[in-house]
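Dropping query.txt in here (compact mmCIF, C-alpha atoms):
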```txt
# COMPACT_ATOMS: atom_id res chain seq x y z
CA MET A 1 -1.42 -25.66 -7.05
CA SER A 2 2.28 -25.93 -6.22
CA ALA A 3 3.15 -29.16 -4.46
CA ASP A 4 5.26 -27.22 -1.97
CA ILE A 5 2.69 -24.64 -0.89
CA ASN A 6 0.93 -24.99 2.45
CA GLU A 7 -2.77 -24.68 1.63
CA LYS A 8 -3.79 -23.96 5.23
CA GLN A 9 -1.17 -21.22 5.54
CA ALA A 10 -2.18 -19.80 2.15
CA THR A 11 -5.80 -19.59 3.26
CA ALA A 12 -4.72 -17.83 6.46
CA PHE A 13 -2.73 -15.33 4.38
CA HIS A 14 -5.76 -14.63 2.16
CA GLU A 15 -7.93 -14.01 5.25
CA ASP A 16 -5.34 -11.83 7.01
CA PHE A 17 -4.78 -9.77 3.86
CA ALA A 18 -8.53 -9.02 3.70
CA LYS A 19 -8.58 -8.17 7.44
CA LEU A 20 -5.66 -5.75 7.02
CA LYS A 21 -7.45 -3.90 4.21
CA LYS A 22 -10.62 -3.72 6.32
CA GLU A 23 -8.81 -2.36 9.39
CA ILE A 24 -6.94 0.27 7.37
CA SER A 25 -10.22 1.39 5.76
CA LYS A 26 -11.50 2.31 9.25
CA VAL A 27 -9.04 5.20 9.26
CA VAL A 28 -8.08 5.81 5.63
CA VAL A 29 -10.94 6.67 3.28
CA GLY A 30 -10.65 5.33 -0.29
CA GLN A 31 -7.21 4.54 -1.76
CA GLU A 32 -8.11 0.82 -1.90
CA GLU A 33 -5.71 0.11 -4.76
CA ILE A 34 -2.84 1.94 -3.03
CA VAL A 35 -3.47 0.03 0.21
CA GLU A 36 -3.44 -3.30 -1.65
CA GLN A 37 -0.20 -2.44 -3.42
CA LEU A 38 1.45 -1.36 -0.17
CA LEU A 39 0.57 -4.72 1.37
CA ILE A 40 1.75 -6.59 -1.73
CA SER A 41 5.09 -4.80 -1.45
CA LEU A 42 5.41 -5.64 2.25
CA PHE A 43 4.73 -9.36 1.75
CA SER A 44 7.05 -9.43 -1.29
CA ARG A 45 9.91 -7.96 0.82
CA GLY A 46 9.87 -4.81 -1.30
CA HIS A 47 9.86 -1.08 -0.55
CA CYS A 48 7.68 1.75 -1.89
CA VAL A 49 7.90 5.34 -3.03
CA LEU A 50 4.65 7.26 -2.56
CA VAL A 51 4.19 10.37 -4.67
CA GLY A 52 1.41 12.81 -3.88
CA VAL A 53 0.66 16.41 -3.04
CA PRO A 54 0.43 17.39 0.65
CA GLY A 55 -2.72 16.46 2.52
CA LEU A 56 -3.48 13.11 0.84
CA ALA A 57 -2.93 11.14 4.09
CA LYS A 58 0.36 9.51 3.09
CA THR A 59 1.68 9.63 6.67
CA LEU A 60 -1.68 8.57 8.13
CA LEU A 61 -1.82 5.60 5.77
CA ILE A 62 1.65 4.39 6.72
CA ARG A 63 1.13 4.91 10.46
CA THR A 64 -2.18 3.02 10.29
CA LEU A 65 -0.50 0.19 8.41
CA ALA A 66 2.12 -0.09 11.17
CA GLN A 67 -0.61 -0.23 13.82
CA THR A 68 -2.47 -3.07 12.10
CA LEU A 69 0.76 -5.05 11.76
CA ASN A 70 1.95 -4.80 15.37
CA LEU A 71 5.30 -3.49 14.18
CA SER A 72 7.58 -0.71 15.36
CA PHE A 73 7.34 2.47 13.31
CA ASN A 74 9.64 5.47 12.87
CA ARG A 75 9.17 8.58 10.80
CA ILE A 76 12.29 10.33 9.50
CA GLN A 77 11.73 13.86 8.19
CA PHE A 78 14.27 14.37 5.42
CA THR A 79 15.74 17.87 5.33
CA PRO A 80 18.75 19.45 3.55
CA ASP A 81 20.86 19.34 6.74
CA LEU A 82 20.12 15.68 7.59
CA MET A 83 23.32 13.62 7.88
CA PRO A 84 23.73 9.85 7.29
CA GLY A 85 24.42 9.30 11.00
CA ASP A 86 21.08 10.91 11.84
CA ILE A 87 19.46 7.93 10.10
CA THR A 88 21.74 4.99 10.77
CA GLY A 89 23.10 5.97 14.17
CA THR A 90 26.44 7.16 15.48
CA GLU A 91 29.26 6.17 17.79
CA ILE A 92 29.82 8.05 21.02
CA ILE A 93 32.65 7.89 23.56
CA GLU A 94 31.67 6.91 27.09
CA GLU A 95 33.48 5.69 30.17
CA ASP A 96 33.31 2.00 31.06
CA PRO A 97 32.23 1.95 34.75
CA LYS A 98 34.17 -1.28 35.40
CA THR A 99 37.54 -0.33 33.91
CA GLY A 100 37.30 3.44 33.86
CA LYS A 101 38.52 3.43 30.24
CA LYS A 102 36.97 5.37 27.41
CA VAL A 103 35.10 3.11 24.96
CA PHE A 104 33.08 3.65 21.82
CA LYS A 105 29.39 2.80 21.96
CA PHE A 106 27.08 2.65 18.95
CA ILE A 107 23.79 4.46 19.43
CA LYS A 108 21.21 3.10 16.98
CA GLY A 109 19.43 5.58 14.73
CA PRO A 110 15.73 5.66 13.76
CA ILE A 111 16.31 3.21 10.91
CA PHE A 112 16.33 0.41 13.49
CA SER A 113 12.60 -0.13 13.25
CA ASN A 114 10.28 -2.42 11.27
CA ILE A 115 8.50 0.25 9.23
CA ILE A 116 10.30 3.42 8.19
CA LEU A 117 8.56 6.46 6.76
CA ALA A 118 11.21 8.42 4.86
CA ASP A 119 9.24 11.65 4.52
CA GLU A 120 10.14 13.79 1.49
CA ILE A 121 13.24 11.77 0.65
CA ASN A 122 14.07 14.14 -2.22
CA ARG A 123 14.72 17.01 0.23
CA THR A 124 18.02 15.60 1.49
CA PRO A 125 21.40 15.37 -0.32
CA PRO A 126 22.47 12.18 -2.15
CA LYS A 127 24.93 11.15 0.58
CA THR A 128 22.12 10.87 3.13
CA GLN A 129 19.78 9.22 0.62
CA ALA A 130 22.49 6.63 -0.05
CA ALA A 131 22.68 5.72 3.67
CA LEU A 132 18.99 4.78 3.62
CA LEU A 133 19.21 2.96 0.29
CA GLU A 134 22.20 0.90 1.45
CA ALA A 135 20.27 -0.23 4.52
CA MET A 136 17.29 -1.15 2.31
CA GLN A 137 19.49 -3.28 0.09
CA GLU A 138 21.75 -4.93 2.67
CA TYR A 139 19.42 -5.11 5.72
CA HIS A 140 22.22 -3.93 7.97
CA VAL A 141 24.07 -0.78 8.98
CA THR A 142 27.86 -0.55 8.98
CA ALA A 143 29.61 1.67 11.54
CA ALA A 144 33.35 1.66 12.32
CA GLY A 145 33.75 -1.63 10.46
CA LYS A 146 31.01 -3.43 12.40
CA ASN A 147 27.69 -4.68 10.97
CA TYR A 148 24.48 -4.07 12.88
CA PRO A 149 21.57 -6.12 11.48
CA LEU A 150 18.23 -4.38 11.05
CA ASP A 151 15.03 -5.66 12.59
CA LYS A 152 12.91 -7.88 10.33
CA PRO A 153 10.50 -7.50 8.72
CA PHE A 154 11.97 -4.25 7.38
CA PHE A 155 9.81 -2.07 5.17
CA VAL A 156 10.69 1.41 3.85
CA LEU A 157 8.05 3.80 2.52
CA ALA A 158 9.53 6.96 1.05
CA THR A 159 7.35 9.93 0.11
CA GLN A 160 7.99 12.56 -2.53
CA ASN A 161 6.13 15.80 -3.13
CA PRO A 162 5.62 16.32 -6.90
CA ILE A 163 5.38 20.10 -6.46
CA GLU A 164 7.84 22.62 -4.98
CA GLN A 165 10.88 21.07 -6.68
CA GLU A 166 13.19 23.96 -5.79
CA GLY A 167 15.98 22.89 -3.46
CA THR A 168 15.30 19.18 -3.90
CA TYR A 169 17.58 16.28 -4.80
CA PRO A 170 15.52 13.90 -6.96
CA LEU A 171 16.49 10.25 -6.62
CA PRO A 172 18.42 9.01 -9.69
CA GLU A 173 16.76 6.23 -11.71
CA ALA A 174 19.41 3.73 -10.52
CA GLN A 175 18.41 4.39 -6.90
CA LEU A 176 14.67 4.48 -7.61
CA ASP A 177 15.13 1.00 -9.08
CA ARG A 178 15.61 -0.35 -5.55
CA PHE A 179 11.99 0.48 -4.74
CA MET A 180 9.51 -2.18 -5.79
CA PHE A 181 6.60 0.20 -6.35
CA ASN A 182 6.20 3.82 -7.35
CA LEU A 183 2.69 4.70 -6.17
CA TRP A 184 0.89 7.89 -7.15
CA LEU A 185 -1.77 9.03 -4.70
CA ASP A 186 -4.51 10.93 -6.48
CA TYR A 187 -7.04 13.37 -5.10
CA PRO A 188 -10.02 11.65 -3.45
CA SER A 189 -13.38 11.45 -5.20
CA PHE A 190 -16.10 13.93 -4.16
CA GLN A 191 -17.87 11.33 -2.00
CA ASP A 192 -14.60 10.17 -0.41
CA GLU A 193 -13.65 13.76 0.41
CA MET A 194 -17.04 14.33 2.04
CA GLU A 195 -16.42 11.23 4.17
CA ILE A 196 -12.89 12.43 5.05
CA VAL A 197 -14.15 15.83 6.16
CA THR A 198 -16.98 14.28 8.19
CA ARG A 199 -14.62 11.90 10.00
CA THR A 200 -11.85 14.39 10.70
CA THR A 201 -14.06 17.20 11.98
CA SER A 202 -16.03 15.11 14.50
CA SER A 203 -15.06 14.07 18.03
CA SER A 204 -15.08 10.33 17.26
CA ILE A 205 -11.70 8.63 16.83
CA SER A 206 -11.31 5.48 14.75
CA THR A 207 -9.03 2.81 16.16
CA VAL A 208 -7.60 -0.22 14.42
CA GLU A 209 -6.86 -3.70 15.70
CA GLN A 210 -3.59 -5.52 15.28
CA VAL A 211 -4.03 -8.26 12.70
CA VAL A 212 -0.62 -9.76 11.92
CA SER A 213 2.55 -10.15 13.99
CA GLY A 214 6.09 -9.69 12.72
CA GLU A 215 6.69 -13.45 12.90
CA SER A 216 3.62 -14.14 10.76
CA ILE A 217 4.73 -11.56 8.19
CA ILE A 218 8.09 -13.32 7.79
CA GLU A 219 6.27 -16.66 7.41
CA TYR A 220 3.98 -15.17 4.76
CA GLN A 221 6.96 -13.63 2.94
CA ASN A 222 8.48 -17.12 2.73
CA LEU A 223 5.14 -18.60 1.65
CA VAL A 224 4.85 -16.16 -1.26
CA ARG A 225 8.01 -17.63 -2.79
CA GLU A 226 6.29 -21.01 -3.07
CA VAL A 227 3.48 -19.83 -5.37
CA ALA A 228 3.47 -21.54 -8.76
CA VAL A 229 4.47 -19.60 -11.90
CA PRO A 230 3.16 -20.97 -15.22
CA GLU A 231 5.74 -20.82 -18.01
CA SER A 232 3.39 -18.73 -20.15
CA VAL A 233 3.00 -16.06 -17.42
CA LEU A 234 6.76 -15.95 -16.82
CA HIS A 235 7.24 -15.44 -20.57
CA PHE A 236 4.61 -12.67 -20.55
CA ALA A 237 6.28 -10.81 -17.66
CA VAL A 238 9.81 -11.01 -19.04
CA SER A 239 8.59 -10.07 -22.54
CA LEU A 240 6.87 -6.99 -21.14
CA VAL A 241 10.07 -5.84 -19.44
CA THR A 242 12.45 -6.58 -22.33
CA LYS A 243 10.19 -4.74 -24.78
CA THR A 244 10.65 -1.52 -22.77
CA ARG A 245 14.31 -1.39 -23.88
CA PRO A 246 14.73 0.79 -26.98
CA ASN A 247 16.97 -0.22 -29.86
CA THR A 248 16.82 -3.91 -29.02
CA GLU A 249 15.47 -6.79 -31.07
CA GLN A 250 12.35 -7.09 -28.89
CA ALA A 251 11.41 -3.38 -28.82
CA PRO A 252 8.39 -2.27 -30.91
CA ASP A 253 8.74 0.80 -33.14
CA PHE A 254 6.88 3.11 -30.75
CA ILE A 255 9.29 2.19 -27.94
CA ASN A 256 12.26 3.06 -30.15
CA GLN A 257 10.51 6.33 -30.99
CA TYR A 258 9.44 7.41 -27.51
CA MET A 259 11.63 5.64 -24.93
CA SER A 260 15.19 6.62 -24.07
CA TRP A 261 15.78 3.98 -21.38
CA GLY A 262 14.13 0.69 -20.48
CA ALA A 263 13.72 -1.40 -17.33
CA GLY A 264 16.34 -3.83 -16.00
CA PRO A 265 15.96 -7.43 -14.78
CA ARG A 266 14.88 -6.27 -11.30
CA ALA A 267 11.58 -5.22 -12.87
CA SER A 268 10.94 -8.79 -14.05
CA GLN A 269 11.77 -10.13 -10.59
CA PHE A 270 9.40 -7.71 -8.88
CA LEU A 271 6.62 -8.38 -11.40
CA ILE A 272 6.73 -12.09 -10.60
CA LEU A 273 7.10 -11.62 -6.83
CA GLY A 274 4.29 -9.05 -6.73
CA ALA A 275 2.08 -11.30 -8.87
CA LYS A 276 2.69 -14.20 -6.47
CA THR A 277 1.60 -12.08 -3.50
CA ARG A 278 -1.42 -10.69 -5.37
CA ALA A 279 -2.52 -14.18 -6.40
CA LEU A 280 -2.38 -15.45 -2.80
CA ALA A 281 -4.16 -12.32 -1.56
CA HIS A 282 -6.98 -13.05 -4.02
CA GLY A 283 -7.21 -16.69 -2.94
CA ARG A 284 -5.33 -18.26 -5.85
CA PHE A 285 -2.34 -20.61 -5.75
CA SER A 286 -0.91 -19.72 -9.15
CA ILE A 287 -0.27 -16.39 -10.85
CA SER A 288 -1.94 -15.20 -14.06
CA GLU A 289 -1.33 -12.54 -16.70
CA GLU A 290 -3.99 -10.47 -14.93
CA ASP A 291 -1.68 -10.15 -11.90
CA ILE A 292 1.20 -8.96 -14.11
CA VAL A 293 -1.01 -6.38 -15.85
CA ALA A 294 -2.38 -5.08 -12.53
CA LEU A 295 1.13 -4.37 -11.22
CA ALA A 296 2.85 -3.30 -14.44
CA VAL A 297 2.45 0.48 -14.07
CA PRO A 298 3.61 0.91 -10.43
CA ILE A 299 6.55 -1.46 -10.98
CA LEU A 300 7.69 -0.09 -14.36
CA ARG A 301 6.81 3.60 -14.05
CA HIS A 302 10.04 4.62 -12.27
CA ARG A 303 12.27 2.22 -14.20
CA VAL A 304 11.74 3.57 -17.71
CA VAL A 305 12.51 7.01 -19.13
CA ASN A 306 10.62 8.55 -22.02
CA ASN A 307 12.20 11.14 -24.33
CA TYR A 308 11.36 14.63 -25.58
CA ALA A 309 9.44 13.24 -28.56
CA ALA A 310 7.12 11.40 -26.17
CA GLU A 311 6.52 14.54 -24.13
CA ALA A 312 5.83 16.56 -27.30
CA ASP A 313 3.28 13.97 -28.50
CA GLY A 314 1.66 13.56 -25.07
CA MET A 315 2.88 9.96 -24.71
CA THR A 316 3.25 9.59 -20.96
CA ILE A 317 5.03 6.63 -19.42
CA VAL A 318 1.69 5.18 -18.29
CA LYS A 319 0.32 5.39 -21.85
CA LEU A 320 3.46 3.71 -23.20
CA ILE A 321 3.21 0.85 -20.67
CA ASP A 322 -0.50 0.37 -21.46
CA LYS A 323 0.25 0.33 -25.19
CA LEU A 324 3.04 -2.16 -24.63
CA ILE A 325 0.68 -4.49 -22.72
CA GLN A 326 -1.76 -4.37 -25.64
CA THR A 327 0.94 -5.64 -28.01
CA LEU A 328 1.32 -8.76 -25.84
CA ARG A 329 -2.36 -9.68 -25.53
```

Could the structure of this file be written out as structure tokens, please?
Amino acid sequence: MSADINEKQATAFHEDFAKLKKEISKVVVGQEEIVEQLLISLFSRGHCVLVGVPGLAKTLLIRTLAQTLNLSFNRIQFTPDLMPGDITGTEIIEEDPKTGKKVFKFIKGPIFSNIILADEINRTPPKTQAALLEAMQEYHVTAAGKNYPLDKPFFVLATQNPIEQEGTYPLPEAQLDRFMFNLWLDYPSFQDEMEIVTRTTSSSISTVEQVVSGESIIEYQNLVREVAVPESVLHFAVSLVTKTRPNTEQAPDFINQYMSWGAGPRASQFLILGAKTRALAHGRFSISEEDIVALAVPILRHRVVNNYAAEADGMTIVKLIDKLIQTLR
């Protein structure tokens, strides 16, 4: 155990994490792994991209998460005509009642909230996407030379629809890199779908209780940084990331053959931060290789690019990451 970590606070985090998952499960059926990874991202000060076909409860999941956290929530529907000011806010001219002079006043946009659902982020042009991504990175909005800090905690969940790609503006890899996780929501199992249909076609309404306050989230985010990292696990995480880079000394032959671009240092940072949060959530005070392996796919999936040879041979990015992990174990 790290000498700096507060054991009492760590135990409280472990208990609250379990309570959050339980409350969300009252409304959202299944998707346990996705829920856990969303919470890991939140407590690691990261952001997420959720990819899934319509009807998989992406919006419901995010709204429920906001309710359990006692945080403000805004949904921004991204469309081709959405402008940056529609997200960040805009300046208007109004008359000062005391002096009678015209003055500029900044009207805050929907981004001034704790949890932001950026719905179908790939439907809006790059200029508007960039306004959101800048706010994610800098935690403030700039208008007319003035900085307006965003509320904390600040958590962005962007959704993308993997079908109907006509008229979309896919996020470039460099911008996707700012998201900690790329989460793929799959279809529910047969039993889960039966439960979903039963719940949503009856008159009963599930409600969730607020578990964690914004102040506690910030405290837990600081606590996560204190989790111990064994040298061997740090070496494992960094090795995994560096081996994704083709035509380097560390890259295995199959990476040189099938990968056209590897992950940058931000992937290593997020692997360690996510592993710290996961370890605390599971009641441990130090991270293990198991934590790195559990988070490798959602953290690396959008940071590496496979080539045509990989597609021809059926080597998906997930298969390449799994194969890479096997070379390290």

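Candidate residues A:His14, A:Lys108, A:Lys58, A:Lys101 were compared for distance to A:Val35, and the nearest is A:Lys58, using all atoms listed in the file.
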
Box in all listed atoms of stretch 229-239 of chain A, axis-aligned, with 6 Å more on each side; write out centre and edge lengths in Å to one decimal as JSON.
```
{"center_x": 6.4, "center_y": -15.5, "center_z": -17.2, "size_x": 18.8, "size_y": 22.9, "size_z": 22.6}
```

Closest pair table for stretch 223-298 of chain A residues within 9 Å of stretch 318-327 of chain A, only C-alpha atoms, as JSON lines:
```
{"residue": "A:Leu240", "atom": "CA", "partner": "A:Ile325", "partner_atom": "CA", "distance": 6.9}
{"residue": "A:Lys243", "atom": "CA", "partner": "A:Leu324", "partner_atom": "CA", "distance": 7.6}
{"residue": "A:Thr244", "atom": "CA", "partner": "A:Leu324", "partner_atom": "CA", "distance": 7.9}
{"residue": "A:Pro252", "atom": "CA", "partner": "A:Leu324", "partner_atom": "CA", "distance": 8.3}
{"residue": "A:Phe254", "atom": "CA", "partner": "A:Leu320", "partner_atom": "CA", "distance": 8.3}
{"residue": "A:Ile255", "atom": "CA", "partner": "A:Leu320", "partner_atom": "CA", "distance": 7.7}
{"residue": "A:Tyr258", "atom": "CA", "partner": "A:Leu320", "partner_atom": "CA", "distance": 8.2}
{"residue": "A:Met259", "atom": "CA", "partner": "A:Leu320", "partner_atom": "CA", "distance": 8.6}
{"residue": "A:Val293", "atom": "CA", "partner": "A:Ile325", "partner_atom": "CA", "distance": 7.3}
{"residue": "A:Ala296", "atom": "CA", "partner": "A:Ile321", "partner_atom": "CA", "distance": 7.5}
{"residue": "A:Val297", "atom": "CA", "partner": "A:Val318", "partner_atom": "CA", "distance": 6.4}
```

Item to check | Nearby residues (all atoms listed in the file) at most 12 Å from A:Leu61, same-chain spacing under 5 positions excluded, as a ChimeraX atom specification | outcome: /A:21,23-32,34-36,38-39,50,55-56,66-68,117,157,159,185,208

Please save C-alpha atoms of the selected residues as a PDB file, in the coordinates of the input.
```pdb
ATOM      1  CA  LYS A  21      -7.450  -3.900   4.210  1.00  0.00           C
ATOM      2  CA  GLU A  23      -8.810  -2.360   9.390  1.00  0.00           C
ATOM      3  CA  ILE A  24      -6.940   0.270   7.370  1.00  0.00           C
ATOM      4  CA  SER A  25     -10.220   1.390   5.760  1.00  0.00           C
ATOM      5  CA  LYS A  26     -11.500   2.310   9.250  1.00  0.00           C
ATOM      6  CA  VAL A  27      -9.040   5.200   9.260  1.00  0.00           C
ATOM      7  CA  VAL A  28      -8.080   5.810   5.630  1.00  0.00           C
ATOM      8  CA  VAL A  29     -10.940   6.670   3.280  1.00  0.00           C
ATOM      9  CA  GLY A  30     -10.650   5.330  -0.290  1.00  0.00           C
ATOM     10  CA  GLN A  31      -7.210   4.540  -1.760  1.00  0.00           C
ATOM     11  CA  GLU A  32      -8.110   0.820  -1.900  1.00  0.00           C
ATOM     12  CA  ILE A  34      -2.840   1.940  -3.030  1.00  0.00           C
ATOM     13  CA  VAL A  35      -3.470   0.030   0.210  1.00  0.00           C
ATOM     14  CA  GLU A  36      -3.440  -3.300  -1.650  1.00  0.00           C
ATOM     15  CA  LEU A  38       1.450  -1.360  -0.170  1.00  0.00           C
ATOM     16  CA  LEU A  39       0.570  -4.720   1.370  1.00  0.00           C
ATOM     17  CA  LEU A  50       4.650   7.260  -2.560  1.00  0.00           C
ATOM     18  CA  GLY A  55      -2.720  16.460   2.520  1.00  0.00           C
ATOM     19  CA  LEU A  56      -3.480  13.110   0.840  1.00  0.00           C
ATOM     20  CA  ALA A  66       2.120  -0.090  11.170  1.00  0.00           C
ATOM     21  CA  GLN A  67      -0.610  -0.230  13.820  1.00  0.00           C
ATOM     22  CA  THR A  68      -2.470  -3.070  12.100  1.00  0.00           C
ATOM     23  CA  LEU A 117       8.560   6.460   6.760  1.00  0.00           C
ATOM     24  CA  LEU A 157       8.050   3.800   2.520  1.00  0.00           C
ATOM     25  CA  THR A 159       7.350   9.930   0.110  1.00  0.00           C
ATOM     26  CA  LEU A 185      -1.770   9.030  -4.700  1.00  0.00           C
ATOM     27  CA  VAL A 208      -7.600  -0.220  14.420  1.00  0.00           C
TER      28      VAL A 208
END
```

Checklist outcome for this item: In Å and to one decimal, atom CA of A:Ser288 is distant from atom CA of A:Ile62 by 28.8 Å

Sorted by chain and rising residue number, list the residues of stretch 218-264 of chain A at most 7 Å from stretch 271-278 of chain A (counting all atoms listed in the file), each with its closest atom pair and distance in Å to one decimal, as CSV.
```
residue,atom,partner,partner_atom,distance
A:Val224,CA,A:Thr277,CA,5.7
A:Val227,CA,A:Lys276,CA,5.8
A:Ala237,CA,A:Leu271,CA,6.7
```

Checklist entry - For A:Phe73, which residue out of A:Gly145, A:Pro54, A:Gly314, A:Pro153 is the nearest one, using all atoms listed in the file? => result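 Using all atoms listed in the file, the shortest distance to A:Phe73 belongs to A:Pro153.
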
Next on the checklist: Using all atoms listed in the file, which protein or nucleic acid residues come within 7 Å of stretch 120-136 of chain A? Drop anything in the same chain fewer than 6 positions from it, and give the result as a list of chain:residue names.
Outcome noted: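 Answer for this query is A:Gln77, A:Phe78, A:Thr79, A:Pro80, A:Leu82, A:Met83, A:Pro84, A:Ala158, A:Thr159, A:Gln160, A:Asn161, A:Thr168, A:Tyr169, A:Pro170, A:Leu171.
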
Next on the checklist: What's the separation between atom CA of A:Val212 and atom CA of A:Glu15, in Å to one decimal place?
Outcome noted: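 These two atoms are separated by 10.8 Å.
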
Checklist entry - If you measure from atom CA of A:Asn74 to atom CA of A:Ile115, what distance in Å do you get, rounded to one decimal? => result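 Straight-line distance from atom CA of A:Asn74 to atom CA of A:Ile115 works out to 6.5 Å.
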
Next on the checklist: Please determine, counting all atoms listed in the file, which residue among A:Pro162, A:Gly214, A:Gly264, A:Pro172 has the shortest atom-to-atom distance to A:Leu42.
Outcome noted: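 For A:Leu42, the nearest of the candidates is A:Gly214.
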
Please produce stretch 22-41 of chain A, completed to N, CA and C atoms, as an mmCIF file, keeping the file's coordinate frame.
```cif
data_model
loop_
_atom_site.group_PDB
_atom_site.id
_atom_site.type_symbol
_atom_site.label_atom_id
_atom_site.label_comp_id
_atom_site.auth_asym_id
_atom_site.auth_seq_id
_atom_site.Cartn_x
_atom_site.Cartn_y
_atom_site.Cartn_z
ATOM 1 N N LYS A 22 -9.419 -4.172 5.603
ATOM 2 C CA LYS A 22 -10.620 -3.720 6.320
ATOM 3 C C LYS A 22 -10.259 -2.807 7.485
ATOM 4 N N GLU A 23 -9.217 -3.181 8.245
ATOM 5 C CA GLU A 23 -8.810 -2.360 9.390
ATOM 6 C C GLU A 23 -8.292 -1.001 8.931
ATOM 7 N N ILE A 24 -7.483 -0.990 7.869
ATOM 8 C CA ILE A 24 -6.940 0.270 7.370
ATOM 9 C C ILE A 24 -8.052 1.183 6.873
ATOM 10 N N SER A 25 -9.098 0.591 6.286
ATOM 11 C CA SER A 25 -10.220 1.390 5.760
ATOM 12 C C SER A 25 -11.020 2.074 6.874
ATOM 13 N N LYS A 26 -10.832 1.634 8.122
ATOM 14 C CA LYS A 26 -11.500 2.310 9.250
ATOM 15 C C LYS A 26 -10.959 3.717 9.446
ATOM 16 N N VAL A 27 -9.698 3.911 9.058
ATOM 17 C CA VAL A 27 -9.040 5.200 9.260
ATOM 18 C C VAL A 27 -8.826 5.939 7.942
ATOM 19 N N VAL A 28 -8.404 5.204 6.925
ATOM 20 C CA VAL A 28 -8.080 5.810 5.630
ATOM 21 C C VAL A 28 -9.257 5.618 4.676
ATOM 22 N N VAL A 29 -9.788 6.720 4.181
ATOM 23 C CA VAL A 29 -10.940 6.670 3.280
ATOM 24 C C VAL A 29 -10.443 6.506 1.838
ATOM 25 N N GLY A 30 -11.042 5.543 1.110
ATOM 26 C CA GLY A 30 -10.650 5.330 -0.290
ATOM 27 C C GLY A 30 -9.253 4.734 -0.389
ATOM 28 N N GLN A 31 -8.587 4.999 -1.511
ATOM 29 C CA GLN A 31 -7.210 4.540 -1.760
ATOM 30 C C GLN A 31 -7.073 3.022 -1.658
ATOM 31 N N GLU A 32 -8.141 2.280 -2.032
ATOM 32 C CA GLU A 32 -8.110 0.820 -1.900
ATOM 33 C C GLU A 32 -6.961 0.193 -2.698
ATOM 34 N N GLU A 33 -6.754 0.678 -3.920
ATOM 35 C CA GLU A 33 -5.710 0.110 -4.760
ATOM 36 C C GLU A 33 -4.319 0.371 -4.176
ATOM 37 N N ILE A 34 -4.121 1.592 -3.650
ATOM 38 C CA ILE A 34 -2.840 1.940 -3.030
ATOM 39 C C ILE A 34 -2.581 1.058 -1.814
ATOM 40 N N VAL A 35 -3.610 0.865 -0.992
ATOM 41 C CA VAL A 35 -3.470 0.030 0.210
ATOM 42 C C VAL A 35 -3.090 -1.395 -0.189
ATOM 43 N N GLU A 36 -3.755 -1.930 -1.210
ATOM 44 C CA GLU A 36 -3.440 -3.300 -1.650
ATOM 45 C C GLU A 36 -2.002 -3.392 -2.140
ATOM 46 N N GLN A 37 -1.556 -2.400 -2.889
ATOM 47 C CA GLN A 37 -0.200 -2.440 -3.420
ATOM 48 C C GLN A 37 0.856 -2.267 -2.333
ATOM 49 N N LEU A 38 0.541 -1.474 -1.314
ATOM 50 C CA LEU A 38 1.450 -1.360 -0.170
ATOM 51 C C LEU A 38 1.625 -2.713 0.519
ATOM 52 N N LEU A 39 0.513 -3.415 0.717
ATOM 53 C CA LEU A 39 0.570 -4.720 1.370
ATOM 54 C C LEU A 39 1.282 -5.750 0.501
ATOM 55 N N ILE A 40 1.048 -5.684 -0.813
ATOM 56 C CA ILE A 40 1.750 -6.590 -1.730
ATOM 57 C C ILE A 40 3.252 -6.369 -1.623
ATOM 58 N N SER A 41 3.663 -5.117 -1.576
ATOM 59 C CA SER A 41 5.090 -4.800 -1.450
ATOM 60 C C SER A 41 5.663 -5.347 -0.157
#
```
